[in-house]
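One file, final39.cif, is given below (mmCIF, C-alpha atoms).
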```cif
data_coords
#
loop_
_atom_site.label_atom_id
_atom_site.label_comp_id
_atom_site.auth_asym_id
_atom_site.auth_seq_id
_atom_site.Cartn_x
_atom_site.Cartn_y
_atom_site.Cartn_z
CA MET A 14 -71.40 158.32 2.92
CA VAL A 15 -72.44 157.12 6.38
CA ILE A 16 -71.50 158.70 9.70
CA ARG A 17 -71.45 156.15 12.50
CA THR A 18 -69.70 155.18 15.71
CA ALA A 19 -66.35 153.48 15.15
CA LEU A 20 -65.98 149.83 16.06
CA LEU A 21 -63.22 148.50 18.30
CA THR A 22 -62.20 146.23 15.43
CA GLU A 23 -61.37 149.36 13.38
CA ALA A 24 -58.53 150.47 15.67
CA GLN A 25 -55.81 149.68 13.12
CA GLU A 26 -57.63 151.39 10.25
CA LEU A 27 -58.30 154.42 12.45
CA ALA A 28 -54.65 154.55 13.55
CA LEU A 29 -53.50 154.56 9.92
CA LEU A 30 -56.11 157.14 8.91
CA GLY A 31 -55.30 159.47 11.79
CA ALA A 32 -51.56 159.29 11.15
CA ARG A 33 -52.00 159.85 7.41
CA LEU A 34 -54.33 162.82 7.80
CA TRP A 35 -52.19 164.43 10.50
CA ARG A 36 -49.04 163.99 8.41
CA GLU A 37 -50.74 165.42 5.30
CA THR A 38 -51.98 168.42 7.28
CA TYR A 39 -48.80 169.30 9.17
CA ALA A 40 -45.86 168.02 7.08
CA GLY A 41 -43.67 170.97 6.22
CA LEU A 42 -45.24 173.08 8.98
CA ILE A 43 -43.83 171.15 11.94
CA PRO A 44 -40.25 169.88 12.12
CA GLU A 45 -40.12 166.26 10.93
CA SER A 46 -38.69 164.88 14.19
CA ASN A 47 -41.52 166.47 16.21
CA LEU A 48 -44.13 165.35 13.70
CA GLU A 49 -42.94 161.73 13.85
CA LEU A 50 -42.80 161.79 17.65
CA HIS A 51 -46.39 163.08 17.82
CA LEU A 52 -47.59 160.44 15.36
CA ALA A 53 -45.94 157.66 17.39
CA GLU A 54 -47.43 158.95 20.66
CA THR A 55 -50.93 159.58 19.31
CA PHE A 56 -51.87 157.32 16.43
CA GLY A 57 -50.58 153.84 17.23
CA LEU A 58 -52.77 150.75 17.33
CA VAL A 59 -52.62 150.59 21.15
CA GLN A 60 -53.63 154.25 21.50
CA GLN A 61 -56.53 153.89 19.10
CA ALA A 62 -57.78 150.67 20.69
CA THR A 63 -57.59 152.32 24.12
CA GLU A 64 -59.57 155.35 22.93
CA LEU A 65 -62.18 153.18 21.23
CA ALA A 66 -62.61 151.09 24.41
CA ASP A 67 -62.81 154.14 26.72
CA PRO A 68 -66.42 154.60 27.92
CA GLY A 69 -65.78 158.36 28.21
CA SER A 70 -64.90 158.66 24.53
CA THR A 71 -66.82 158.26 21.29
CA THR A 72 -65.33 158.20 17.82
CA LEU A 73 -67.62 159.06 14.93
CA VAL A 74 -66.34 158.00 11.52
CA ILE A 75 -67.18 158.84 7.95
CA ASP A 76 -67.57 155.51 6.17
CA GLU A 77 -67.76 155.58 2.41
CA GLY A 78 -68.23 152.14 0.95
CA GLY A 79 -66.36 150.47 3.80
CA ALA A 80 -63.43 152.92 3.75
CA LEU A 81 -62.92 155.34 6.63
CA LEU A 82 -62.36 158.84 5.25
CA GLY A 83 -62.71 161.02 8.32
CA TYR A 84 -63.49 161.02 12.00
CA ALA A 85 -64.17 162.99 15.16
CA LEU A 86 -62.89 161.87 18.55
CA LEU A 87 -65.16 163.09 21.35
CA ARG A 88 -64.27 163.04 25.05
CA ALA A 89 -66.26 163.71 28.19
CA CYS A 90 -64.59 166.33 30.36
CA GLY A 91 -63.55 166.30 33.99
CA PRO A 92 -64.08 169.01 36.62
CA GLU A 93 -60.84 170.85 35.76
CA VAL A 94 -62.04 171.50 32.20
CA GLU A 95 -65.56 172.34 33.34
CA LYS A 96 -64.09 174.98 35.67
CA ARG A 97 -61.96 176.46 32.87
CA LEU A 98 -64.88 176.66 30.46
CA GLY A 99 -67.04 178.32 33.09
CA SER A 100 -70.52 178.45 31.65
CA PHE A 101 -70.85 174.72 30.94
CA SER A 102 -71.77 172.13 33.52
CA LYS A 103 -71.17 169.15 31.19
CA PRO A 104 -68.97 170.02 28.19
CA LEU A 105 -67.82 167.59 25.52
CA GLU A 106 -64.40 167.92 23.88
CA VAL A 107 -63.88 167.47 20.16
CA ALA A 108 -60.33 166.15 20.56
CA ARG A 109 -59.86 165.36 16.86
CA PHE A 110 -61.77 166.34 13.75
CA TYR A 111 -60.11 165.17 10.54
CA LEU A 112 -61.26 164.53 6.98
CA ASP A 113 -59.57 163.10 3.93
CA ARG A 114 -58.77 165.81 1.38
CA SER A 115 -61.08 164.11 -1.12
CA LEU A 116 -63.99 165.26 1.09
CA HIS A 117 -62.92 168.90 1.43
CA GLY A 118 -65.56 171.22 0.02
CA ALA A 119 -68.12 168.41 -0.36
CA GLY A 120 -70.15 169.16 2.78
CA ALA A 121 -68.76 166.15 4.68
CA ALA A 122 -67.25 168.30 7.44
CA LYS A 123 -70.58 170.02 7.96
CA GLN A 124 -72.34 166.65 8.18
CA LEU A 125 -69.76 165.27 10.60
CA MET A 126 -70.02 168.34 12.82
CA ALA A 127 -73.82 168.07 12.79
CA ALA A 128 -73.43 164.47 13.96
CA VAL A 129 -71.00 165.59 16.69
CA LEU A 130 -73.44 168.23 17.98
CA ALA A 131 -76.40 165.84 17.79
CA HIS A 132 -74.43 163.22 19.75
CA ALA A 133 -73.49 165.81 22.39
CA VAL A 134 -77.13 166.80 22.87
CA ALA A 135 -78.34 163.18 22.87
CA VAL A 136 -76.01 162.22 25.73
CA GLY A 137 -76.75 165.33 27.80
CA HIS A 138 -73.90 167.76 27.17
CA ASP A 139 -74.60 171.49 27.35
CA GLY A 140 -71.57 172.64 25.38
CA VAL A 141 -68.82 171.46 23.05
CA TRP A 142 -65.27 172.74 22.98
CA LEU A 143 -62.17 172.25 20.88
CA GLN A 144 -58.84 173.79 20.20
CA VAL A 145 -57.50 174.69 16.78
CA TRP A 146 -54.03 175.83 15.75
CA GLU A 147 -54.02 179.60 15.33
CA GLN A 148 -52.52 179.18 11.84
CA ASN A 149 -55.27 176.82 10.66
CA LEU A 150 -57.39 179.55 9.10
CA ARG A 151 -59.54 177.13 7.10
CA GLY A 152 -60.42 175.25 10.29
CA ILE A 153 -61.13 178.45 12.21
CA ARG A 154 -63.51 179.64 9.48
CA PHE A 155 -65.27 176.26 9.41
CA TYR A 156 -65.75 176.17 13.17
CA ALA A 157 -67.10 179.74 13.17
CA LYS A 158 -69.66 178.78 10.50
CA ALA A 159 -70.59 175.76 12.65
CA GLY A 160 -71.45 178.08 15.56
CA PHE A 161 -68.25 178.01 17.63
CA THR A 162 -67.02 181.19 19.29
CA GLU A 163 -63.59 181.99 20.66
CA LEU A 164 -63.13 181.70 24.41
CA GLY A 165 -59.38 182.27 24.59
CA GLU A 166 -56.03 180.70 23.89
CA THR A 167 -54.34 177.50 24.95
CA THR A 168 -51.24 175.57 23.95
CA PHE A 169 -50.55 172.28 22.17
CA PRO A 170 -47.11 170.65 22.50
CA VAL A 171 -45.70 168.73 19.55
CA GLY A 172 -42.32 167.29 20.42
CA ASP A 173 -40.17 170.06 21.83
CA ILE A 174 -42.26 172.93 20.44
CA VAL A 175 -45.37 174.37 22.08
CA TYR A 176 -47.85 175.84 19.61
CA ARG A 177 -50.54 178.39 20.38
CA ASP A 178 -54.11 177.27 19.74
CA ARG A 179 -57.44 179.03 19.88
CA LEU A 180 -59.95 177.65 22.36
CA LEU A 181 -63.42 177.55 20.77
CA VAL A 182 -66.78 176.71 22.34
CA HIS A 183 -70.27 175.92 21.10
CA THR A 184 -73.28 176.32 23.37
CA LEU A 185 -75.87 173.59 22.94
CA MET A 186 -78.64 175.19 25.00
CA GLY A 187 -81.94 174.89 23.19
CA ARG A 188 -80.67 172.38 20.60
CA LYS A 189 -82.79 169.33 20.05
CA VAL A 190 -81.71 165.90 18.85
#
```
Kindly transcribe the structure held in the file into structure tokens.
Amino acid sequence: MVIRTALLTEAQELALLGARLWRETYAGLIPESNLELHLAETFGLVQQATELADPGSTTLVIDEGGALLGYALLRACGPEVEKRLGSFSKPLEVARFYLDRSLHGAGAAKQLMAAVLAHAVAVGHDGVWLQVWEQNLRGIRFYAKAGFTELGETTFPVGDIVYRDRLLVHTLMGRKV
């Protein structure tokens, strides 16, 4: 298993992976029409190519023998987010953090998060933040073990429903690459 930066030429594979993992995670929990709308708005080829080409974003992928099995989408934040997070002057958002079920419990999530935090430090961020659905207890436990603490609540719209998420932060002060 190798963790590396995604290539622009992998936009289609990343779009398919993201859509599959999101569907597997949320099917049956979110109404089908909303789920399909979110997938169309978020995981198309154009969206993935745009994110991969964006100089303010980095996508780290888990590559196992040439197959992508997980990824983290990282985004630099603007002043409005910096103000909301308060104690960070240059936070980095973990906008997506998804792994194939075959990697659950194998330490891959821990390795990917270590790569995320190392990347954040290497490019000069002083904190990392993310949001996680309040009903995703497995994710919440993982992020707590990875050093994230709860800052508050936020929302995440999917179709015509707005879900409540937890806003989590990780302070990078003192971390070394």
### Query
Excluding same-chain residues fewer than 3 positions from A:Asp139, what lies within 8 Å of it counting only C-alpha atoms, as an MDAnalysis selection string?
chainID A and resid 101:104 133:134 184:186
### Task
Check which residues satisfy the PyMOL selection byres ((chain A and resi 160) around 10) in the file shown, then give them as a list in words.
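Output of the PyMOL selection byres ((chain A and resi 160) around 10): Phe155, Tyr156, Ala157, Lys158, Ala159, Phe161, Thr162, Leu181, Val182, His183, Thr184 and Leu185 of chain A.
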Resulting file, chosen residues, C-alpha atoms, as a compact mmCIF listing (two decimals), in the coordinates of the input:
```
# COMPACT_ATOMS: atom_id res chain seq x y z
CA PHE A 155 -65.27 176.26 9.41
CA TYR A 156 -65.75 176.17 13.17
CA ALA A 157 -67.10 179.74 13.17
CA LYS A 158 -69.66 178.78 10.50
CA ALA A 159 -70.59 175.76 12.65
CA PHE A 161 -68.25 178.01 17.63
CA THR A 162 -67.02 181.19 19.29
CA LEU A 181 -63.42 177.55 20.77
CA VAL A 182 -66.78 176.71 22.34
CA HIS A 183 -70.27 175.92 21.10
CA THR A 184 -73.28 176.32 23.37
CA LEU A 185 -75.87 173.59 22.94
```
### Answer key for the PyMOL selection byres ((chain A and resi 130) around 9), residues as a ChimeraX atom specification
/A:125-129,131-135,140-141,183,185,188,190
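Between A:Val145 and the residues A:Glu23, A:Glu106, A:Lys123, A:Thr72, the shortest atom-to-atom distance, using only C-alpha atoms, involves A:Glu106.
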### Message
Using all atoms listed in the file, which protein or nucleic acid residues come within 9 Å of A:Leu52? Drop anything in the same chain fewer than 2 positions from it, and give the result as a ChimeraX atom specification.
### Response
/A:31-32,35-36,47-50,54-57
### Residues near stretch 58-66 of chain A, cut-off 10 Å, only C-alpha atoms, skip fewer than 3 positions along chain, as a count of residues only
23
### Message
Here's the selection I'm unsure about, the PyMOL selection byres ((chain A and resi 171-180) around 8); applied to the file above, which residues does it give, as a PyMOL selection string?
### Response
chain A and resi 46-48+50-51+142-147+163-170+181-182
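Interatomic distance, atom CA of A:Cys90 against atom CA of A:Gly137: 12.5 Å.
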